[in-house]
$ cat coords.txt   # compact mmCIF, C-alpha atoms
# COMPACT_ATOMS: atom_id res chain seq x y z
CA MET A 1 116.62 77.59 44.43
CA SER A 2 114.32 80.42 45.47
CA ARG A 3 115.57 83.57 47.15
CA GLN A 4 113.92 82.84 50.49
CA LEU A 5 115.44 79.38 50.59
CA ARG A 6 118.85 80.76 49.74
CA THR A 7 118.61 83.49 52.39
CA GLY A 8 117.44 81.01 55.03
CA LEU A 9 120.24 78.59 54.17
CA PHE A 10 122.74 81.42 54.36
CA LEU A 11 121.51 82.58 57.78
CA VAL A 12 121.85 79.08 59.20
CA SER A 13 125.34 78.59 57.83
CA ALA A 14 126.35 82.13 58.87
CA LEU A 15 125.51 81.18 62.44
CA GLY A 16 127.79 78.18 62.12
CA LEU A 17 130.57 80.22 60.49
CA GLY A 18 130.23 82.93 63.11
CA ALA A 19 130.47 80.38 65.92
CA LEU A 20 133.59 78.90 64.33
CA LEU A 21 135.22 82.32 63.94
CA VAL A 22 134.39 83.33 67.50
CA TRP A 23 135.75 80.05 68.82
CA GLY A 24 138.95 80.67 66.89
CA LEU A 25 139.31 84.27 68.04
CA VAL A 26 138.72 83.46 71.71
CA GLY A 27 142.12 81.78 71.67
CA LEU A 28 143.81 85.11 70.96
CA HIS A 29 145.20 87.36 73.67
CA SER A 30 142.66 89.78 75.10
CA PHE A 31 142.33 93.13 73.36
CA GLY A 32 145.00 95.57 74.48
CA ASN A 33 147.59 93.10 75.74
CA TYR A 34 149.67 92.55 72.65
CA PRO A 35 152.33 90.08 73.85
CA GLY A 36 154.27 89.28 70.73
CA PRO A 37 158.05 89.69 70.63
CA TYR A 38 158.46 90.88 67.05
CA GLY A 39 156.67 94.20 67.35
CA ASP A 40 158.73 95.23 70.37
CA LEU A 41 161.89 93.95 68.73
CA ILE A 42 161.37 96.05 65.62
CA SER A 43 160.34 99.13 67.60
CA SER A 44 163.56 98.97 69.58
CA LEU A 45 165.73 98.28 66.52
CA THR A 46 164.57 100.86 63.96
CA LYS A 47 166.52 103.72 65.49
CA PRO A 48 169.89 102.03 66.08
CA GLN A 49 169.82 99.75 63.06
CA ARG A 50 168.25 101.83 60.32
CA HIS A 51 168.14 105.41 61.71
CA THR A 52 164.44 105.51 60.90
CA ALA A 53 161.87 107.32 63.02
CA ASN A 54 158.79 105.67 61.51
CA ALA A 55 158.79 101.99 62.38
CA VAL A 56 155.87 101.22 60.04
CA THR A 57 157.73 102.57 56.98
CA ALA A 58 160.83 100.62 58.00
CA VAL A 59 158.77 97.42 58.11
CA VAL A 60 157.04 98.17 54.79
CA PHE A 61 160.16 99.02 52.78
CA ASP A 62 162.99 97.27 54.57
CA TYR A 63 162.15 94.44 56.95
CA ARG A 64 159.22 93.19 54.83
CA GLY A 65 160.12 94.85 51.54
CA PHE A 66 159.40 91.73 49.55
CA ASP A 67 155.72 91.74 50.58
CA THR A 68 155.44 95.35 49.39
CA LEU A 69 156.83 94.28 46.03
CA GLY A 70 154.04 91.72 45.79
CA GLU A 71 151.40 94.33 46.62
CA GLU A 72 152.79 96.72 44.01
CA LEU A 73 152.66 94.00 41.40
CA ILE A 74 149.00 93.38 42.30
CA LEU A 75 148.35 97.08 41.72
CA PHE A 76 150.27 96.99 38.43
CA VAL A 77 148.41 93.98 37.08
CA SER A 78 145.00 95.27 38.18
CA ALA A 79 145.56 98.66 36.58
CA GLY A 80 146.74 97.06 33.35
CA ALA A 81 143.85 94.62 33.21
CA THR A 82 141.29 97.37 33.94
CA ALA A 83 142.69 99.51 31.13
CA MET A 84 142.72 96.55 28.77
CA LEU A 85 139.10 95.60 29.53
CA LEU A 86 137.65 99.11 29.41
CA ARG A 87 139.43 100.29 26.29
CA GLU A 88 138.11 97.45 24.17
CA THR A 89 134.57 98.59 23.54
CA ARG A 90 134.47 102.31 23.95
CA GLU A 91 132.24 103.89 21.33
CA TYR A 92 133.45 107.47 21.41
CA ASP A 93 136.68 109.46 21.30
CA VAL A 94 138.01 111.78 23.96
CA SER A 95 137.48 114.71 21.60
CA ASP A 96 133.74 113.99 21.46
CA ILE A 97 133.22 114.50 25.18
CA VAL A 98 131.25 117.62 26.14
CA ASP A 99 131.94 118.88 29.65
CA PRO A 100 129.19 120.31 31.84
CA VAL A 101 129.40 124.07 32.37
CA ARG A 102 130.90 124.96 35.72
CA SER A 103 131.16 128.32 37.41
CA ASP A 104 134.49 130.10 37.44
CA ALA A 105 134.63 130.03 41.23
CA THR A 106 134.44 126.24 41.25
CA ARG A 107 137.12 125.93 38.61
CA ALA A 108 139.48 128.37 40.31
CA PHE A 109 139.06 126.79 43.71
CA GLY A 110 139.48 123.33 42.22
CA ALA A 111 142.75 124.30 40.55
CA LEU A 112 144.02 125.83 43.79
CA ALA A 113 143.03 122.75 45.80
CA ALA A 114 144.76 120.52 43.25
CA ILE A 115 148.02 122.44 43.61
CA VAL A 116 147.87 122.25 47.41
CA LEU A 117 147.15 118.52 47.31
CA PHE A 118 150.02 117.94 44.91
CA VAL A 119 152.53 119.64 47.18
CA LEU A 120 151.06 117.83 50.20
CA GLY A 121 151.45 114.53 48.37
CA LEU A 122 155.10 115.19 47.60
CA ASN A 123 155.60 116.14 51.25
CA VAL A 124 153.99 112.94 52.51
CA VAL A 125 156.09 110.75 50.18
CA ALA A 126 159.34 112.52 51.05
CA HIS A 127 158.88 112.34 54.82
CA GLY A 128 157.99 108.66 54.83
CA ALA A 129 160.84 107.69 57.11
CA LEU A 130 160.25 110.46 59.65
CA THR A 131 156.51 111.01 60.16
CA PRO A 132 153.40 108.96 59.31
CA GLY A 133 153.53 108.75 55.55
CA GLY A 134 155.45 106.99 52.88
CA GLY A 135 155.11 105.86 49.31
CA PHE A 136 151.61 104.39 49.45
CA GLN A 137 149.90 107.20 51.30
CA GLY A 138 151.66 109.93 49.35
CA GLY A 139 150.98 108.18 46.06
CA VAL A 140 147.23 108.18 46.61
CA VAL A 141 147.31 111.84 47.70
CA LEU A 142 149.17 112.72 44.48
CA ALA A 143 146.59 110.84 42.43
CA ALA A 144 143.81 112.62 44.34
CA ALA A 145 145.33 115.96 43.26
CA PHE A 146 144.76 115.01 39.61
CA LEU A 147 141.31 113.72 40.54
CA THR A 148 140.43 117.14 41.99
CA VAL A 149 141.15 118.63 38.58
CA PHE A 150 138.69 116.19 36.99
CA LEU A 151 135.99 116.83 39.59
CA ALA A 152 136.17 120.59 39.93
CA VAL A 153 137.57 121.87 36.64
CA GLU A 154 136.70 119.72 33.61
CA TYR A 155 137.45 116.38 32.07
CA HIS A 156 139.59 117.80 29.26
CA ALA A 157 141.89 119.52 31.73
CA PHE A 158 142.36 116.23 33.54
CA HIS A 159 143.03 114.46 30.26
CA ARG A 160 145.66 117.04 29.27
CA LEU A 161 147.41 116.71 32.64
CA ALA A 162 147.40 112.92 32.93
CA PRO A 163 147.03 111.21 29.55
CA ALA A 164 147.78 107.55 29.06
CA TRP A 165 151.23 108.17 27.61
CA PHE A 166 152.19 109.87 30.90
CA SER A 167 150.59 107.71 33.57
CA GLU A 168 151.57 104.32 32.14
CA PRO A 169 155.33 105.04 31.96
CA LEU A 170 155.11 106.65 35.40
CA GLU A 171 153.71 103.47 36.88
CA SER A 172 156.20 101.29 35.03
CA VAL A 173 159.15 103.42 36.17
CA GLY A 174 157.96 103.13 39.76
CA VAL A 175 157.57 99.35 39.77
CA GLY A 176 160.71 98.90 37.67
CA SER A 177 162.94 100.93 39.98
CA TYR A 178 161.75 98.91 42.95
CA LEU A 179 162.70 95.68 41.15
CA VAL A 180 165.99 97.08 39.85
CA TYR A 181 167.04 98.30 43.29
CA GLY A 182 166.63 94.76 44.57
CA LEU A 183 168.88 93.47 41.81
CA VAL A 184 171.45 96.19 42.55
CA ALA A 185 171.49 95.17 46.20
CA LEU A 186 171.94 91.56 45.07
CA ALA A 187 174.81 92.52 42.76
CA ILE A 188 176.63 94.44 45.49
CA GLY A 189 176.74 91.32 47.61
CA GLY A 190 173.80 91.54 49.95
CA SER A 191 170.41 89.86 49.65
CA TYR A 192 167.59 91.00 47.35
CA LEU A 193 166.19 94.40 48.48
CA GLU A 194 168.69 94.65 51.33
CA ASN A 195 169.36 98.14 52.69
CA VAL A 196 172.91 98.67 51.44
CA LEU A 197 172.93 102.47 51.15
CA PRO A 198 174.45 104.60 53.93
CA TYR A 199 172.04 105.18 56.80
CA GLY A 200 172.70 108.87 57.40
CA THR A 201 171.82 110.97 60.41
CA TRP A 202 168.72 110.09 62.36
CA GLY A 203 165.89 112.58 61.81
CA ARG A 204 167.05 113.99 58.49
CA LEU A 205 165.34 113.55 55.13
CA THR A 206 168.34 111.61 53.85
CA SER A 207 168.40 109.01 56.63
CA SER A 208 167.43 105.35 56.48
CA GLY A 209 169.34 104.34 53.37
CA SER A 210 167.27 102.66 50.71
CA ILE A 211 163.94 103.20 52.49
CA VAL A 212 163.65 106.72 51.01
CA LEU A 213 164.48 105.43 47.53
CA LEU A 214 161.94 102.63 47.72
CA SER A 215 159.39 105.03 49.19
CA TRP A 216 159.74 107.32 46.15
CA ALA A 217 159.61 104.37 43.77
CA SER A 218 156.42 103.02 45.29
CA GLY A 219 154.95 106.55 45.46
CA LEU A 220 155.43 106.92 41.70
CA ALA A 221 154.09 103.42 41.08
CA VAL A 222 150.95 103.97 43.16
CA CYS A 223 150.34 107.41 41.64
CA GLY A 224 150.77 106.06 38.12
CA GLY A 225 148.57 103.04 38.73
CA PHE A 226 145.80 105.14 40.20
CA LEU A 227 146.06 107.64 37.32
CA VAL A 228 145.59 104.81 34.83
CA ILE A 229 142.52 103.59 36.74
CA PHE A 230 141.13 107.10 37.19
CA GLY A 231 141.73 107.91 33.54
CA GLU A 232 139.64 104.93 32.46
CA PHE A 233 136.84 105.47 34.95
CA ALA A 234 136.67 109.23 34.40
CA GLN A 235 136.17 108.54 30.72
CA GLU A 236 133.46 106.01 31.58
CA ASN A 237 131.85 108.65 33.75
CA MET A 238 131.46 110.92 30.72
CA ALA A 239 129.73 108.17 28.75
CA ALA A 240 126.42 110.04 28.63
CA ARG A 241 127.96 113.32 27.55
CA HIS A 242 129.40 112.79 24.10
CA ARG A 243 128.31 114.38 20.87
CA ARG A 244 128.12 111.34 18.63
CA SER A 245 129.06 107.67 18.65
CA LYS A 246 131.13 105.92 16.05
CA MET B 1 138.65 100.40 76.35
CA ILE B 2 138.22 104.12 76.28
CA PRO B 3 134.78 105.54 75.37
CA LEU B 4 136.09 106.97 72.09
CA GLN B 5 136.87 103.43 70.94
CA VAL B 6 133.40 102.25 71.90
CA VAL B 7 131.79 105.03 69.85
CA ALA B 8 134.04 104.34 66.84
CA ILE B 9 133.24 100.62 67.02
CA ALA B 10 129.51 101.32 67.22
CA PHE B 11 129.61 103.66 64.18
CA THR B 12 131.58 101.14 62.15
CA ALA B 13 129.20 98.30 62.94
CA LEU B 14 126.16 100.43 61.99
CA GLY B 15 127.92 101.74 58.90
CA ALA B 16 128.69 98.25 57.58
CA LEU B 17 125.06 97.23 58.02
CA ALA B 18 123.86 100.39 56.27
CA VAL B 19 126.21 99.85 53.30
CA VAL B 20 125.03 96.29 52.77
CA LEU B 21 121.33 97.05 53.16
CA ALA B 22 121.34 99.93 50.65
CA ARG B 23 119.74 98.71 47.44
CA ASP B 24 120.18 101.77 45.21
CA ILE B 25 123.80 101.74 44.05
CA VAL B 26 124.30 105.52 44.04
CA ARG B 27 123.09 105.65 47.62
CA GLN B 28 125.41 102.79 48.44
CA ALA B 29 128.38 104.72 47.03
CA ILE B 30 127.69 107.64 49.36
CA LEU B 31 127.08 105.37 52.35
CA PHE B 32 130.34 103.59 51.60
CA SER B 33 132.15 106.90 51.74
CA ILE B 34 130.65 107.60 55.18
CA TYR B 35 131.60 104.09 56.29
CA GLY B 36 135.13 104.83 55.10
CA PHE B 37 135.24 107.90 57.34
CA SER B 38 134.08 105.90 60.35
CA LEU B 39 136.85 103.39 59.54
CA VAL B 40 139.36 106.26 59.55
CA ALA B 41 138.16 107.26 63.01
CA LEU B 42 138.51 103.65 64.17
CA PHE B 43 142.05 103.38 62.78
CA LEU B 44 143.06 106.63 64.49
CA VAL B 45 141.67 105.47 67.82
CA PHE B 46 143.64 102.23 67.41
CA GLN B 47 146.81 104.38 67.14
CA ALA B 48 147.50 103.71 63.44
CA PRO B 49 148.04 107.07 61.65
CA ASP B 50 149.63 105.58 58.52
CA VAL B 51 146.66 103.31 57.91
CA ALA B 52 144.25 106.18 58.58
CA LEU B 53 146.03 108.38 55.98
CA SER B 54 145.71 105.87 53.17
CA SER B 55 142.15 104.93 54.15
CA LEU B 56 141.12 108.60 54.16
CA VAL B 57 142.07 109.30 50.55
CA VAL B 58 140.86 105.92 49.34
CA GLY B 59 137.46 106.10 51.01
CA GLY B 60 136.95 109.78 50.40
CA ALA B 61 138.03 110.23 46.78
CA ALA B 62 139.33 107.20 44.92
CA TYR B 63 136.71 104.55 45.59
CA PRO B 64 133.58 106.75 45.15
CA LEU B 65 134.91 108.00 41.80
CA VAL B 66 135.48 104.49 40.54
CA LEU B 67 131.98 103.44 41.64
CA VAL B 68 130.23 106.49 40.19
CA GLY B 69 132.12 106.11 36.91
CA ALA B 70 130.89 102.53 36.52
CA ILE B 71 127.33 103.52 37.46
CA ALA B 72 127.32 106.37 34.90
CA ARG B 73 128.47 104.02 32.15
CA VAL B 74 125.77 101.48 33.02
CA ARG B 75 123.07 104.20 33.07
CA ALA B 76 124.21 105.50 29.67
CA MET B 77 124.06 102.01 28.17
CA GLN B 78 120.64 101.36 29.72
CA LYS B 79 119.32 104.61 28.30
CA ARG B 80 120.60 103.73 24.86
CA ASP B 81 118.98 100.29 25.10
CA ALA B 82 115.66 101.87 25.97
CA GLU B 83 115.70 103.96 22.79
CA MET C 1 134.34 93.59 77.04
CA SER C 2 137.79 93.01 75.66
CA PHE C 3 136.44 90.72 72.96
CA VAL C 4 134.34 93.46 71.32
CA PRO C 5 136.82 94.51 68.56
CA TYR C 6 137.26 90.89 67.46
CA ALA C 7 133.47 90.48 67.51
CA LEU C 8 133.25 93.63 65.36
CA ALA C 9 135.52 92.02 62.76
CA VAL C 10 133.35 88.87 62.70
CA TRP C 11 130.18 90.99 62.47
CA ILE C 12 131.45 93.08 59.54
CA PHE C 13 132.59 89.97 57.69
CA LEU C 14 129.25 88.19 58.13
CA VAL C 15 127.32 91.33 57.15
CA GLY C 16 129.39 91.59 53.97
CA LEU C 17 128.78 87.92 53.20
CA TYR C 18 125.05 88.46 53.65
CA GLY C 19 125.23 91.29 51.15
CA ILE C 20 127.03 89.12 48.60
CA VAL C 21 124.58 86.22 48.94
CA THR C 22 121.37 88.25 48.74
CA SER C 23 122.43 90.78 46.13
CA ARG C 24 120.68 91.56 42.86
CA ASN C 25 123.28 93.84 41.35
CA LEU C 26 126.89 93.14 40.40
CA ILE C 27 128.09 96.57 41.53
CA HIS C 28 126.44 96.03 44.92
CA ILE C 29 128.39 92.74 45.19
CA THR C 30 131.67 94.56 44.55
CA VAL C 31 131.06 96.99 47.41
CA CYS C 32 130.12 94.12 49.73
CA VAL C 33 133.43 92.38 48.88
CA THR C 34 135.22 95.55 49.95
CA VAL C 35 133.25 95.53 53.21
CA CYS C 36 134.47 91.97 53.85
CA GLN C 37 138.05 93.15 53.22
CA SER C 38 137.65 95.94 55.76
CA ALA C 39 136.77 93.32 58.39
CA THR C 40 140.28 91.90 58.03
CA TYR C 41 141.81 95.36 58.53
CA VAL C 42 139.88 95.80 61.78
CA LEU C 43 141.01 92.36 63.00
CA LEU C 44 144.67 93.02 62.18
CA LEU C 45 144.74 96.37 63.94
CA ALA C 46 142.87 95.00 66.97
CA ILE C 47 145.51 92.28 67.35
CA GLY C 48 148.32 94.79 67.43
CA TYR C 49 146.77 97.25 69.88
CA ARG C 50 148.23 97.83 73.32
CA THR C 51 146.33 99.68 76.05
CA LYS C 52 147.69 103.18 76.64
CA GLY C 53 150.12 102.67 73.78
CA THR C 54 150.94 105.25 71.12
CA ALA C 55 151.68 105.09 67.40
CA PRO C 56 155.06 103.50 66.51
CA VAL C 57 156.57 106.74 65.24
CA PHE C 58 159.61 107.77 67.25
CA ALA C 59 160.15 111.28 65.94
CA ASP C 60 159.63 112.90 69.32
CA ILE C 61 159.37 110.04 71.83
CA PRO C 62 162.23 107.91 73.15
CA THR C 63 162.51 104.40 71.77
CA GLU C 64 162.87 102.52 75.01
CA GLY C 65 160.54 102.69 77.96
CA ARG C 66 157.49 103.84 76.01
CA ARG C 67 154.53 101.61 75.19
CA VAL C 68 153.91 101.49 71.46
CA VAL C 69 151.49 99.43 69.43
CA ASP C 70 152.66 96.83 66.96
CA PRO C 71 154.05 98.28 63.69
CA ILE C 72 154.00 95.04 61.71
CA VAL C 73 150.21 94.67 61.43
CA GLN C 74 149.94 98.32 60.41
CA SER C 75 152.32 97.76 57.52
CA LEU C 76 150.28 94.81 56.26
CA THR C 77 147.06 96.82 56.49
CA LEU C 78 148.16 100.01 54.77
CA THR C 79 149.41 98.39 51.59
CA ASP C 80 146.25 96.31 51.50
CA ILE C 81 143.92 99.32 51.62
CA VAL C 82 145.57 100.97 48.63
CA VAL C 83 145.53 97.77 46.60
CA SER C 84 141.86 97.07 47.39
CA VAL C 85 140.85 100.03 45.22
CA ALA C 86 142.66 98.59 42.22
CA VAL C 87 141.07 95.18 42.75
CA ALA C 88 137.64 96.79 43.11
CA ALA C 89 138.23 98.69 39.85
CA LEU C 90 139.00 95.38 38.15
CA LEU C 91 135.84 93.79 39.54
CA LEU C 92 133.79 96.76 38.34
CA SER C 93 135.21 96.46 34.83
CA PHE C 94 134.18 92.79 34.90
CA ALA C 95 130.68 93.95 35.87
CA LEU C 96 130.65 96.41 32.95
CA LYS C 97 131.72 93.70 30.52
CA ALA C 98 129.04 91.38 31.86
CA PHE C 99 126.48 94.14 31.37
CA GLU C 100 127.60 94.65 27.78
CA HIS C 101 127.10 90.98 27.10
CA HIS C 102 123.87 90.22 29.00
CA ARG C 103 122.37 93.78 29.10
CA SER C 104 121.55 93.31 32.79
CA LEU C 105 123.40 93.64 36.08
CA ASP C 106 121.32 91.01 37.86
CA PRO C 107 123.35 87.85 38.54
CA ALA C 108 120.20 85.76 38.47
CA GLU C 109 119.52 86.71 34.86
CA MET C 110 122.91 85.63 33.60
CA GLU C 111 123.03 82.14 32.28
CA LEU C 112 126.44 80.69 31.64
CA LYS C 113 126.58 79.33 28.16
CA GLY C 114 129.31 76.81 27.54
$ encode --input "coords.txt" --output "structure tokens"
Amino acid sequence: MSRQLRTGLFLVSALGLGALLVWGLVGLHSFGNYPGPYGDLISSLTKPQRHTANAVTAVVFDYRGFDTLGEELILFVSAGATAMLLRETREYDVSDIVDPVRSDATRAFGALAAIVLFVLGLNVVAHGALTPGGGFQGGVVLAAAFLTVFLAVEYHAFHRLAPAWFSEPLESVGVGSYLVYGLVALAIGGSYLENVLPYGTWGRLTSSGSIVLLSWASGLAVCGGFLVIFGEFAQENMAARHRRSK
Amino acid sequence: MIPLQVVAIAFTALGALAVVLARDIVRQAILFSIYGFSLVALFLVFQAPDVALSSLVVGGAAYPLVLVGAIARVRAMQKRDAE
Amino acid sequence: MSFVPYALAVWIFLVGLYGIVTSRNLIHITVCVTVCQSATYVLLLAIGYRTKGTAPVFADIPTEGRRVVDPIVQSLTLTDIVVSVAVAALLLSFALKAFEHHRSLDPAEMELKG
């Protein structure tokens, strides 16, 4: 099948698919008039029921905590499969990699930016229940702090800070604590992943019961998973800069 | 709809088209980063700060690194094949 | 006029599909898959939006009597964005493996041998 024929066939069927999608979406409420009961119900219940200020975090880690477990397992499996595939046929060692020469100003500023990002990441994870933030957002900011070290300083500094024997257990501890908390909640007598810890005072860092715990667990899991992925791809990035091949 | 939403929607539509029509993959990585920023603006205008936070780091740092790493490996292998 | 955000989601999805169908490079296909995923984020957030509503964070606004947008669709979207990077990394490592085997990134040059 030639390219022109394939493109023409696609354009015709895209028109049909587009018409079908538009016909389906016309049946929705008009933009801006969200009618549904569940969003309003949860918004009115997060403060009295869970003492949480951020309704989105309450939904992610408490009301729909099981879906978040599924997403974390997707991240876990993808990171593991990426590492497995890319480590198979690598023709050079880490010690053979030669970094490009960077100016001292770049390196100093990069190190400073990495420290600031790291503290910001911890802040975002910790305040998940109070302000926009939480485990997922803070986890990627933490991983970006390590990434700044790779980009601005050098690859060997990044490899010393986040080697495989650090990032893999970090990810496993994160996913494992999420699972284990669910079992603990089950053992105490509630349902899996139920919020059985005391809810605390509204507006404090220690409010919302298990949401803070699960937020930290998923922050560690996301940071670890991203460090595994970044570790592999940063090493791929230096593929043209090694002294010799095996 | 407020005008800010109209502008964000227009940028996102143009950005998606630009990402798909870019044939050089390094150029596509940079265009995807810009498209990610227009998505962040769209998410903010739709009153979703949590989504905008995660999309900012992902589109700004994580995804371009992963793309550029793969491209560098492919270029190194192609250069070694040519020798 | 109120259908425009839904039309934007359909447009982005179809544009991404066009990129996948007419692509000559496996890495280009991976980025177009991510563009298709972003269409679903736009659709989800457009469904939950309420005119003159604010973000569902109650740190400094009272819970009752204030229009807020839907928090449920935002929770689905934010976990999805973070996971899409990991899935894209997996797809790229597939592309690298395919390159090692066939020495080309063009999907048309790859014959599947049984």
$ atom_distance --input "coords.txt" --atom1 "CA of Phe3 (chain C)" --atom2 "CA of Tyr41 (chain C)"
16.1 Å
$ closest_atom_pairs --input "coords.txt" --of "chain C" --to "chain A" --cutoff "8 Å" --atoms "all atoms listed in the file" --output "tab-separated table"
residue	atom	partner	partner_atom	distance
C:Ser2	CA	A:Phe31	CA	5.1
C:Phe3	CA	A:Phe31	CA	6.4
C:Pro5	CA	A:Phe31	CA	7.4
C:Tyr6	CA	A:Leu25	CA	7.0
C:Ala7	CA	A:Val22	CA	7.2
C:Val10	CA	A:Gly18	CA	6.7
C:Leu14	CA	A:Ala14	CA	6.8
C:Tyr18	CA	A:Phe10	CA	7.4
C:Val21	CA	A:Thr7	CA	7.4
C:Thr22	CA	A:Thr7	CA	6.6
C:Ala46	CA	A:Phe31	CA	6.7
C:Ile47	CA	A:Tyr34	CA	6.7
C:Gly48	CA	A:Tyr34	CA	5.8
C:Tyr49	CA	A:Gly32	CA	5.2
C:Arg50	CA	A:Gly32	CA	4.1
C:Thr51	CA	A:Gly32	CA	4.6
C:Pro56	CA	A:Ala55	CA	5.8
C:Val57	CA	A:Asn54	CA	4.5
C:Phe58	CA	A:Ala53	CA	4.8
C:Ala59	CA	A:Ala53	CA	5.2
C:Thr63	CA	A:Ser44	CA	5.9
C:Glu64	CA	A:Ser44	CA	6.5
C:Val68	CA	A:Ser43	CA	7.9
C:Val69	CA	A:Gly39	CA	7.6
C:Asp70	CA	A:Gly39	CA	4.8
C:Pro71	CA	A:Val56	CA	5.0
C:Ile72	CA	A:Gly39	CA	6.3
C:Gln74	CA	A:Val56	CA	6.6
C:Ser75	CA	A:Val60	CA	5.5
C:Leu76	CA	A:Val60	CA	7.7
C:Leu78	CA	A:Phe136	CA	7.7
C:Thr79	CA	A:Glu71	CA	6.7
C:Asp80	CA	A:Glu71	CA	7.4
C:Val82	CA	A:Phe136	CA	7.0
C:Val83	CA	A:Leu75	CA	5.7
C:Ala86	CA	A:Ser78	CA	5.7
C:Val87	CA	A:Ser78	CA	6.0
C:Ala89	CA	A:Thr82	CA	6.8
C:Leu90	CA	A:Thr82	CA	5.2
C:Ser93	CA	A:Thr82	CA	6.2
C:Phe94	CA	A:Leu85	CA	7.8
C:Lys97	CA	A:Leu85	CA	7.7
$ interface_residues --input "coords.txt" --of "chain B" --to "chain C" --cutoff "8 Å" --atoms "all atoms listed in the file" --output "PyMOL selection string"
chain B and resi 1+9+13+16-17+19-21+23+25+28+32+43+46-51+54-55+58+62-63+66-67+70+73-74+78
$ atom_distance --input "coords.txt" --atom1 "CA of Gln49 (chain A)" --atom2 "CA of Gly209 (chain A)"
10.7 Å
$ closest_residue --input "coords.txt" --among "A:Gly182, A:Gly189, A:Gly133, A:Pro198" --to "chain B" --atoms "only C-alpha atoms"
A:Gly133
$ decode --input "coords.txt" --residues "region 68-103 of chain A" --atoms "C-alpha atoms" --output "PDB file, in the first residue's frame"
ATOM      1  CA  THR A  68      -3.542   5.558  42.472  1.00  0.00           C
ATOM      2  CA  LEU A  69      -2.125   2.182  43.462  1.00  0.00           C
ATOM      3  CA  GLY A  70      -2.760   0.982  39.920  1.00  0.00           C
ATOM      4  CA  GLU A  71      -1.000   4.018  38.441  1.00  0.00           C
ATOM      5  CA  GLU A  72       2.000   3.529  40.717  1.00  0.00           C
ATOM      6  CA  LEU A  73       2.264  -0.079  39.654  1.00  0.00           C
ATOM      7  CA  ILE A  74       2.245   1.045  36.004  1.00  0.00           C
ATOM      8  CA  LEU A  75       5.151   3.361  36.832  1.00  0.00           C
ATOM      9  CA  PHE A  76       6.961   0.574  38.679  1.00  0.00           C
ATOM     10  CA  VAL A  77       6.610  -1.938  35.860  1.00  0.00           C
ATOM     11  CA  SER A  78       7.561   0.575  33.157  1.00  0.00           C
ATOM     12  CA  ALA A  79      10.682   1.676  35.019  1.00  0.00           C
ATOM     13  CA  GLY A  80      11.724  -1.918  35.610  1.00  0.00           C
ATOM     14  CA  ALA A  81      11.121  -2.947  32.012  1.00  0.00           C
ATOM     15  CA  THR A  82      13.010   0.098  30.669  1.00  0.00           C
ATOM     16  CA  ALA A  83      16.002  -0.704  32.872  1.00  0.00           C
ATOM     17  CA  MET A  84      15.892  -4.353  31.856  1.00  0.00           C
ATOM     18  CA  LEU A  85      15.767  -3.551  28.121  1.00  0.00           C
ATOM     19  CA  LEU A  86      18.429  -0.852  28.119  1.00  0.00           C
ATOM     20  CA  ARG A  87      20.951  -2.617  30.318  1.00  0.00           C
ATOM     21  CA  GLU A  88      21.108  -5.668  28.085  1.00  0.00           C
ATOM     22  CA  THR A  89      23.279  -4.396  25.270  1.00  0.00           C
ATOM     23  CA  ARG A  90      25.312  -1.544  26.568  1.00  0.00           C
ATOM     24  CA  GLU A  91      28.834  -1.663  25.196  1.00  0.00           C
ATOM     25  CA  TYR A  92      30.655   0.538  27.678  1.00  0.00           C
ATOM     26  CA  ASP A  93      31.062   1.001  31.422  1.00  0.00           C
ATOM     27  CA  VAL A  94      30.182   4.057  33.441  1.00  0.00           C
ATOM     28  CA  SER A  95      33.874   4.607  34.146  1.00  0.00           C
ATOM     29  CA  ASP A  96      34.574   4.977  30.416  1.00  0.00           C
ATOM     30  CA  ILE A  97      32.317   7.990  30.006  1.00  0.00           C
ATOM     31  CA  VAL A  98      34.093  11.290  29.339  1.00  0.00           C
ATOM     32  CA  ASP A  99      32.109  14.363  30.341  1.00  0.00           C
ATOM     33  CA  PRO A 100      32.165  17.541  28.264  1.00  0.00           C
ATOM     34  CA  VAL A 101      34.040  20.435  29.868  1.00  0.00           C
ATOM     35  CA  ARG A 102      31.719  22.936  31.484  1.00  0.00           C
ATOM     36  CA  SER A 103      32.486  26.326  32.944  1.00  0.00           C
TER      37      SER A 103
END
